[in-house]
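**Student:** Pasting a structure below so you can have a look.
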Amino acid sequence: MQIDLKRVIETVGKEKNIDRQLLIGALREAVLTAARKHFGDCVFETRFNEETEEIELIRYRIVVADNELTNLSKQIPATEAIAMDDSLQIGDEIGEPLPTDQLGRIAAQAAKQAIVQKVMEAEKEKVVREFKDKKHQTVVGQVRRFDKADIIVDLGPTEGVLPVREQIPGEKYKIRDKVIAFVVDVKKSTRGPQVMLSRAHPELLIRLFEQEVTEISEGIVVIQSAARDPGSRSKIAVYSTEPSIDPVGACVGIKGARVQAIVQELRGEKIDIIPYDRDPARFVCNALAPSEPSKVIVNERLHIMEVVVPDEHLSLAIGKRGQNVRLAAQLTGWKVDIRSESKMRELVQEYKNVIAQIPALGEMRAEILVNEGYKDPADISRMDQRTLIKLLRLTPEEVEQVMQGAAELAASLEEQKAELSTDEDLEDFHLGEPILDDEEEMTESEEAEAAIDDIVAKTRPQPLLDPEKVDIKNVPTERLRYWMQLKGVAEQIAAVIHTAGYSDFKSVASSNADEIAYKTGLPIKLSGKLHAETAKISGN
């Protein structure tokens, strides 16, 4: 095979940055392929001679008696073998070198294909390796073409894909326009490496601030979290590791130069820079800027913050189409429930009136409990007795009386709710459809309250289950029958309750409507009915 292997290996290895051993391996495979085509089905081995820098071809055959020869490709007659090496015996294996120059054009073509293939594979691996390191970083490219609504971006050694769902709404590009994007993922495909890009990802905002604000790259200012409504508004929470450095001022820059550079890159997206606080309540208040909350009630168990704002700040706190409260919830990781002061006063009075009915409490102690976030008898019945003693300075006997009275009052209230809706069976609810109250005309204040409730519902944590995707076949029949003892519960809802991890009626009764809705994904109204029904049966 008339190929200058030394020159090929050195030239290709240097130009394409391919390991020498990979090329040698490819050439050995090429010689094997050519040898099988030329000599037939034999047992071959190839070796690379480092001294002569040539590939040697060796054929192995078994020594057999002359009269037993059946396959000349894999066997060699004893007389011929002994003439080569008189120490050989029948049954031994002999390796004999074969000349490679007679392989000719077949070997040369196979070697060329092998080298081309290795070059292509090595280049793909190089691109994947390079962009794996850039995953979750920003890259700069140029618009090459459009694939329907997706944008194909030239990144130099490869192309990136900017899907329509990852583009900033309303952003327009032309061929050869510059694009700064966030690398979401790098995948291998038959057509080569695929680099998935995003302009809508919250981390793009973080990376742009890291590039623009030197204090962030130096570790003096730290970005805690970010939330985005791409193309409209963003919030980013920052804090400083040095008391002398103002983290918000550092991000804004002199005359707003730093933040304005990022705003321009994101096509005018408004950016709120929020000071992070280790106190979750203060952090949520900061995140709701520009509104100024007057009070925050924290529910650690359900991870909810009830934020009270002055009446005139209500629309400001909620934002256009709920944008402000939604971004604040994303930024902080808390479910945020916003109430106006006037509405909160009404609710607090209602809570106090109910809780004051518990024996040994009265109006003053009821107010203390409401201010601490205990808004219904069921919450109080589950309180730690030591907490109750510390808050209200009760005797052990009074605590027992309060706990028992709270449990009885909670059961009574649930029973009243159940009686009010006896005409509505649980089976009337259809999964995936909103639960609507009776059609009645609402006043302006009721409409406003309904809008707030809708926004609050959107900030709730995502349910753990999708009821529509629960398969009845995966639930034992006896468990379905158990849950179907509840009034109006059909198979699908029974399967959802079981899949959510509830073991019996008591386990549902010990939760509340919010918890049941979070675990099952069922509507809050339906969850309330399940709670009332199970509480009635278990006597909670």
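Chains: A, B, ... in order of the structure tokens. Residues: from 1 per chain. Ligands: from 1, in order shown.
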Give the strand (DSSP E or B) residues of range 116-288 of chain A, as assigned by DSSP on the backbone, as a VMD selection string.

**Tutor:** chain A and resid 138 to 147 150 to 154 159 to 162 178 to 187 194 to 198 221 to 229 233 to 240 270 to 275

**Student:** Next, write the just-selected residues to a file, as a short mmCIF file (atom, residue, chain, number, x, y, z; two decimals), in the first residue's frame, keeping C-alpha atoms as the atom set.

**Tutor:**
```cif
data_model
loop_
_atom_site.label_atom_id
_atom_site.label_comp_id
_atom_site.auth_asym_id
_atom_site.auth_seq_id
_atom_site.Cartn_x
_atom_site.Cartn_y
_atom_site.Cartn_z
CA THR A 138 -23.49 33.01 27.34
CA VAL A 139 -22.25 32.79 23.76
CA VAL A 140 -22.17 35.30 20.93
CA GLY A 141 -23.24 34.26 17.46
CA GLN A 142 -24.68 35.50 14.20
CA VAL A 143 -28.08 34.72 12.70
CA ARG A 144 -27.43 32.31 9.83
CA ARG A 145 -30.94 31.28 8.75
CA PHE A 146 -34.49 30.65 9.94
CA ASP A 147 -36.12 27.25 10.39
CA ASP A 150 -36.73 28.92 15.14
CA ILE A 151 -33.50 30.85 14.61
CA ILE A 152 -30.29 29.05 13.57
CA VAL A 153 -27.28 30.86 15.00
CA ASP A 154 -23.72 30.55 13.66
CA GLU A 159 -24.62 26.03 14.90
CA GLY A 160 -26.98 26.82 17.76
CA VAL A 161 -30.77 26.60 17.78
CA LEU A 162 -32.83 29.40 19.34
CA LYS A 178 -25.51 39.57 16.30
CA VAL A 179 -27.10 37.36 19.01
CA ILE A 180 -26.11 36.97 22.66
CA ALA A 181 -27.78 33.87 24.11
CA PHE A 182 -27.64 31.48 27.07
CA VAL A 183 -26.52 27.87 26.41
CA VAL A 184 -29.27 25.68 27.89
CA ASP A 185 -27.96 22.30 26.73
CA VAL A 186 -25.59 20.55 24.32
CA LYS A 187 -26.83 17.35 22.68
CA GLN A 194 -26.88 20.53 18.78
CA VAL A 195 -26.43 23.61 20.97
CA MET A 196 -29.77 24.69 22.48
CA LEU A 197 -29.91 28.43 23.14
CA SER A 198 -32.24 30.74 25.07
CA VAL A 221 -21.65 41.22 45.18
CA VAL A 222 -23.59 37.95 44.93
CA ILE A 223 -26.75 37.27 42.89
CA GLN A 224 -29.18 35.28 45.03
CA SER A 225 -31.94 34.67 42.45
CA ALA A 226 -33.64 36.08 39.37
CA ALA A 227 -37.14 36.04 37.88
CA ARG A 228 -38.20 37.13 34.41
CA ASP A 229 -41.21 37.95 32.33
CA ARG A 233 -39.97 42.98 33.33
CA SER A 234 -37.40 41.21 35.50
CA LYS A 235 -36.39 41.11 39.15
CA ILE A 236 -32.94 40.18 40.45
CA ALA A 237 -31.98 39.79 44.12
CA VAL A 238 -28.44 40.72 45.21
CA TYR A 239 -26.42 41.07 48.42
CA SER A 240 -22.90 42.20 49.32
CA LYS A 270 -37.42 46.71 32.79
CA ILE A 271 -35.17 45.40 35.58
CA ASP A 272 -35.86 45.73 39.32
CA ILE A 273 -32.72 45.21 41.44
CA ILE A 274 -33.83 43.90 44.85
CA PRO A 275 -31.70 43.77 48.04
#
```

**Student:** So that I can see what lies close to range 373-382 of chain A, please list as a list in words the residues with an atom at most 7 Å from it, counting only C-alpha atoms and leaving out residues fewer than 4 positions away in the same chain.

**Tutor:**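 The residues satisfying every condition are Ile297, Val298, Asn299, Tyr351, Ile355, Leu369, Met403, Ala406, Ala407, Leu409 and Ala410 of chain A.
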
**Student:** Just want the 10 Å neighbourhood of Arg365 in chain A, counted on only C-alpha atoms, with same-chain residues fewer than 6 positions away dropped. Output as a PyMOL selection string.

**Tutor:** chain A and resi 352+355-356+371+391-393

**Student:** Mind the document's chain letters and residue numbers, and return as number ranges by chain the residues of range 465-505 of chain A that DSSP labels helix (DSSP H, G or I).

**Tutor:** A: 467-469, 472-474, 477-483, 491-499, 505

**Student:** Just the selected residues (C-alpha atoms), exported as a CSV table (one decimal), in the first residue's frame, please.

**Tutor:**
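Wrote it out as part.csv, contents follow:
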```csv
chain,number,residue,atom,x,y,z
A,467,PRO,CA,-54.9,14.3,38.1
A,468,GLU,CA,-55.5,13.8,34.4
A,469,LYS,CA,-52.3,11.7,34.2
A,472,ILE,CA,-56.5,3.9,37.5
A,473,LYS,CA,-54.9,0.6,36.4
A,474,ASN,CA,-51.9,1.3,38.7
A,477,THR,CA,-58.9,-2.4,43.3
A,478,GLU,CA,-59.4,-2.6,47.1
A,479,ARG,CA,-57.9,0.9,47.5
A,480,LEU,CA,-60.2,2.3,44.9
A,481,ARG,CA,-63.2,0.8,46.7
A,482,TYR,CA,-62.0,2.2,50.0
A,483,TRP,CA,-61.9,5.8,48.7
A,491,GLU,CA,-62.8,5.9,40.3
A,492,GLN,CA,-60.5,8.7,38.9
A,493,ILE,CA,-60.7,10.8,42.1
A,494,ALA,CA,-60.1,7.7,44.2
A,495,ALA,CA,-57.0,6.9,42.2
A,496,VAL,CA,-55.7,10.5,42.6
A,497,ILE,CA,-56.2,10.4,46.4
A,498,HIS,CA,-54.3,7.1,46.7
A,499,THR,CA,-51.5,8.2,44.3
A,505,PHE,CA,-59.7,9.0,55.8
```

**Student:** Excluding Val336 in chain A and residues on its chain fewer than 2 positions from it, collect all residues at most 6 Å away from it, counting only C-alpha atoms, and give them as number ranges by chain.

**Tutor:** A: 305, 329, 334

**Student:** Counting only C-alpha atoms, what is within 12 Å of Glu414 in chain A, bar same-chain residues fewer than 6 positions away, as a PyMOL selection string?

**Tutor:** chain A and resi 376-378+407-408+420-421+509+512-513+528-537+539-540

**Student:** Can you write out the residues you just picked, keeping N, CA, C and O atoms, as a PDB file, in the first residue's frame?

**Tutor:**
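Wrote part-v1.pdb, looks like this:
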```pdb
ATOM      1  N   ASP A 376     -57.864  29.674  62.003  1.00  0.00           N
ATOM      2  CA  ASP A 376     -59.074  28.868  62.151  1.00  0.00           C
ATOM      3  C   ASP A 376     -58.877  27.829  63.249  1.00  0.00           C
ATOM      4  O   ASP A 376     -57.743  27.499  63.620  1.00  0.00           O
ATOM      5  N   PRO A 377     -59.973  27.300  63.785  1.00  0.00           N
ATOM      6  CA  PRO A 377     -59.895  26.348  64.898  1.00  0.00           C
ATOM      7  C   PRO A 377     -59.062  25.104  64.574  1.00  0.00           C
ATOM      8  O   PRO A 377     -58.400  24.559  65.458  1.00  0.00           O
ATOM      9  N   ALA A 378     -59.097  24.674  63.310  1.00  0.00           N
ATOM     10  CA  ALA A 378     -58.321  23.482  62.930  1.00  0.00           C
ATOM     11  C   ALA A 378     -56.831  23.711  63.145  1.00  0.00           C
ATOM     12  O   ALA A 378     -56.104  22.834  63.612  1.00  0.00           O
ATOM     13  N   ALA A 407     -60.848  21.599  68.433  1.00  0.00           N
ATOM     14  CA  ALA A 407     -61.137  20.432  67.596  1.00  0.00           C
ATOM     15  C   ALA A 407     -62.639  20.281  67.372  1.00  0.00           C
ATOM     16  O   ALA A 407     -63.094  20.002  66.251  1.00  0.00           O
ATOM     17  N   GLU A 408     -63.412  20.471  68.439  1.00  0.00           N
ATOM     18  CA  GLU A 408     -64.875  20.348  68.312  1.00  0.00           C
ATOM     19  C   GLU A 408     -65.447  21.441  67.418  1.00  0.00           C
ATOM     20  O   GLU A 408     -66.321  21.186  66.587  1.00  0.00           O
ATOM     21  N   LEU A 420     -74.213  22.735  53.848  1.00  0.00           N
ATOM     22  CA  LEU A 420     -74.581  23.777  52.890  1.00  0.00           C
ATOM     23  C   LEU A 420     -74.450  23.309  51.442  1.00  0.00           C
ATOM     24  O   LEU A 420     -75.041  23.875  50.540  1.00  0.00           O
ATOM     25  N   SER A 421     -73.637  22.278  51.222  1.00  0.00           N
ATOM     26  CA  SER A 421     -73.399  21.818  49.844  1.00  0.00           C
ATOM     27  C   SER A 421     -73.824  20.374  49.643  1.00  0.00           C
ATOM     28  O   SER A 421     -73.230  19.646  48.867  1.00  0.00           O
ATOM     29  N   ALA A 509     -58.289  13.943  56.622  1.00  0.00           N
ATOM     30  CA  ALA A 509     -58.927  14.847  57.582  1.00  0.00           C
ATOM     31  C   ALA A 509     -57.905  15.677  58.353  1.00  0.00           C
ATOM     32  O   ALA A 509     -58.165  16.813  58.736  1.00  0.00           O
ATOM     33  N   ASN A 512     -55.465  20.071  55.360  1.00  0.00           N
ATOM     34  CA  ASN A 512     -56.496  21.065  55.079  1.00  0.00           C
ATOM     35  C   ASN A 512     -56.645  21.174  53.565  1.00  0.00           C
ATOM     36  O   ASN A 512     -55.935  20.510  52.807  1.00  0.00           O
ATOM     37  N   ALA A 513     -57.583  22.014  53.130  1.00  0.00           N
ATOM     38  CA  ALA A 513     -57.899  22.086  51.698  1.00  0.00           C
ATOM     39  C   ALA A 513     -56.676  22.449  50.854  1.00  0.00           C
ATOM     40  O   ALA A 513     -56.446  21.878  49.788  1.00  0.00           O
ATOM     41  N   GLY A 528     -61.552  20.924  49.574  1.00  0.00           N
ATOM     42  CA  GLY A 528     -62.269  21.282  50.789  1.00  0.00           C
ATOM     43  C   GLY A 528     -63.390  20.312  51.089  1.00  0.00           C
ATOM     44  O   GLY A 528     -63.635  19.952  52.250  1.00  0.00           O
ATOM     45  N   LYS A 529     -64.075  19.863  50.064  1.00  0.00           N
ATOM     46  CA  LYS A 529     -65.167  18.902  50.251  1.00  0.00           C
ATOM     47  C   LYS A 529     -64.624  17.548  50.712  1.00  0.00           C
ATOM     48  O   LYS A 529     -65.220  16.884  51.563  1.00  0.00           O
ATOM     49  N   LEU A 530     -63.497  17.134  50.135  1.00  0.00           N
ATOM     50  CA  LEU A 530     -62.868  15.881  50.577  1.00  0.00           C
ATOM     51  C   LEU A 530     -62.486  15.967  52.051  1.00  0.00           C
ATOM     52  O   LEU A 530     -62.682  15.018  52.822  1.00  0.00           O
ATOM     53  N   HIS A 531     -61.917  17.126  52.440  1.00  0.00           N
ATOM     54  CA  HIS A 531     -61.527  17.312  53.842  1.00  0.00           C
ATOM     55  C   HIS A 531     -62.747  17.243  54.755  1.00  0.00           C
ATOM     56  O   HIS A 531     -62.735  16.572  55.791  1.00  0.00           O
ATOM     57  N   ALA A 532     -63.833  17.926  54.368  1.00  0.00           N
ATOM     58  CA  ALA A 532     -65.044  17.944  55.197  1.00  0.00           C
ATOM     59  C   ALA A 532     -65.638  16.551  55.333  1.00  0.00           C
ATOM     60  O   ALA A 532     -66.042  16.129  56.428  1.00  0.00           O
ATOM     61  N   GLU A 533     -65.666  15.815  54.231  1.00  0.00           N
ATOM     62  CA  GLU A 533     -66.259  14.470  54.236  1.00  0.00           C
ATOM     63  C   GLU A 533     -65.462  13.514  55.114  1.00  0.00           C
ATOM     64  O   GLU A 533     -66.016  12.752  55.906  1.00  0.00           O
ATOM     65  N   THR A 534     -64.138  13.545  54.974  1.00  0.00           N
ATOM     66  CA  THR A 534     -63.294  12.631  55.767  1.00  0.00           C
ATOM     67  C   THR A 534     -63.280  13.029  57.243  1.00  0.00           C
ATOM     68  O   THR A 534     -63.228  12.168  58.126  1.00  0.00           O
ATOM     69  N   ALA A 535     -63.325  14.341  57.512  1.00  0.00           N
ATOM     70  CA  ALA A 535     -63.371  14.795  58.906  1.00  0.00           C
ATOM     71  C   ALA A 535     -64.652  14.326  59.588  1.00  0.00           C
ATOM     72  O   ALA A 535     -64.661  13.937  60.764  1.00  0.00           O
ATOM     73  N   LYS A 536     -65.715  14.345  58.827  1.00  0.00           N
ATOM     74  CA  LYS A 536     -67.016  13.914  59.363  1.00  0.00           C
ATOM     75  C   LYS A 536     -66.981  12.427  59.711  1.00  0.00           C
ATOM     76  O   LYS A 536     -67.472  12.002  60.756  1.00  0.00           O
ATOM     77  N   ILE A 537     -66.357  11.631  58.811  1.00  0.00           N
ATOM     78  CA  ILE A 537     -66.308  10.172  59.025  1.00  0.00           C
ATOM     79  C   ILE A 537     -65.376   9.815  60.181  1.00  0.00           C
ATOM     80  O   ILE A 537     -65.704   8.985  61.034  1.00  0.00           O
ATOM     81  N   GLY A 539     -64.331  11.773  62.579  1.00  0.00           N
ATOM     82  CA  GLY A 539     -64.639  12.452  63.839  1.00  0.00           C
ATOM     83  C   GLY A 539     -63.638  13.510  64.213  1.00  0.00           C
ATOM     84  O   GLY A 539     -63.547  13.909  65.382  1.00  0.00           O
ATOM     85  N   ASN A 540     -62.832  13.990  63.233  1.00  0.00           N
ATOM     86  CA  ASN A 540     -61.848  15.059  63.514  1.00  0.00           C
ATOM     87  C   ASN A 540     -62.538  16.413  63.575  1.00  0.00           C
ATOM     88  O   ASN A 540     -63.426  16.677  62.804  1.00  0.00           O
TER      89      ASN A 540
END
```

**Student:** Skip range 45-51 of chain A itself and residues of its chain fewer than 5 positions away, then list as a ChimeraX atom specification all residues within 8 Å of it, counting only C-alpha atoms.

**Tutor:** /A:24,28,31-32,56-60

**Student:** Quote the spacing between CA of Asp337 in chain A and CA of Leu522 in chain A in Å to one decimal place.

**Tutor:**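 Value for the CA of Asp337 in chain A-CA of Leu522 in chain A distance: 19.7 Å.
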
**Student:** Hey, what's within 7 Å of Asp311 in chain A if we count only C-alpha atoms and toss same-chain stuff fewer than 4 positions away? As a PDB file with N, CA and C atoms, in the first residue's frame, please?

**Tutor:**
```pdb
ATOM      1  N   SER A 340     -55.540  43.783  50.861  1.00  0.00           N
ATOM      2  CA  SER A 340     -55.556  45.194  51.237  1.00  0.00           C
ATOM      3  C   SER A 340     -55.831  45.301  52.738  1.00  0.00           C
ATOM      4  N   GLU A 341     -55.456  46.433  53.334  1.00  0.00           N
ATOM      5  CA  GLU A 341     -55.648  46.616  54.775  1.00  0.00           C
ATOM      6  C   GLU A 341     -57.124  46.542  55.155  1.00  0.00           C
ATOM      7  N   SER A 342     -57.992  47.158  54.336  1.00  0.00           N
ATOM      8  CA  SER A 342     -59.422  47.135  54.659  1.00  0.00           C
ATOM      9  C   SER A 342     -59.976  45.718  54.597  1.00  0.00           C
TER      10      SER A 342
END
```

**Student:** Could you jot down the CA of Gly231 in chain A to CA of Leu266 in chain A separation for me, Å, one decimal place?

**Tutor:** 6.8 Å
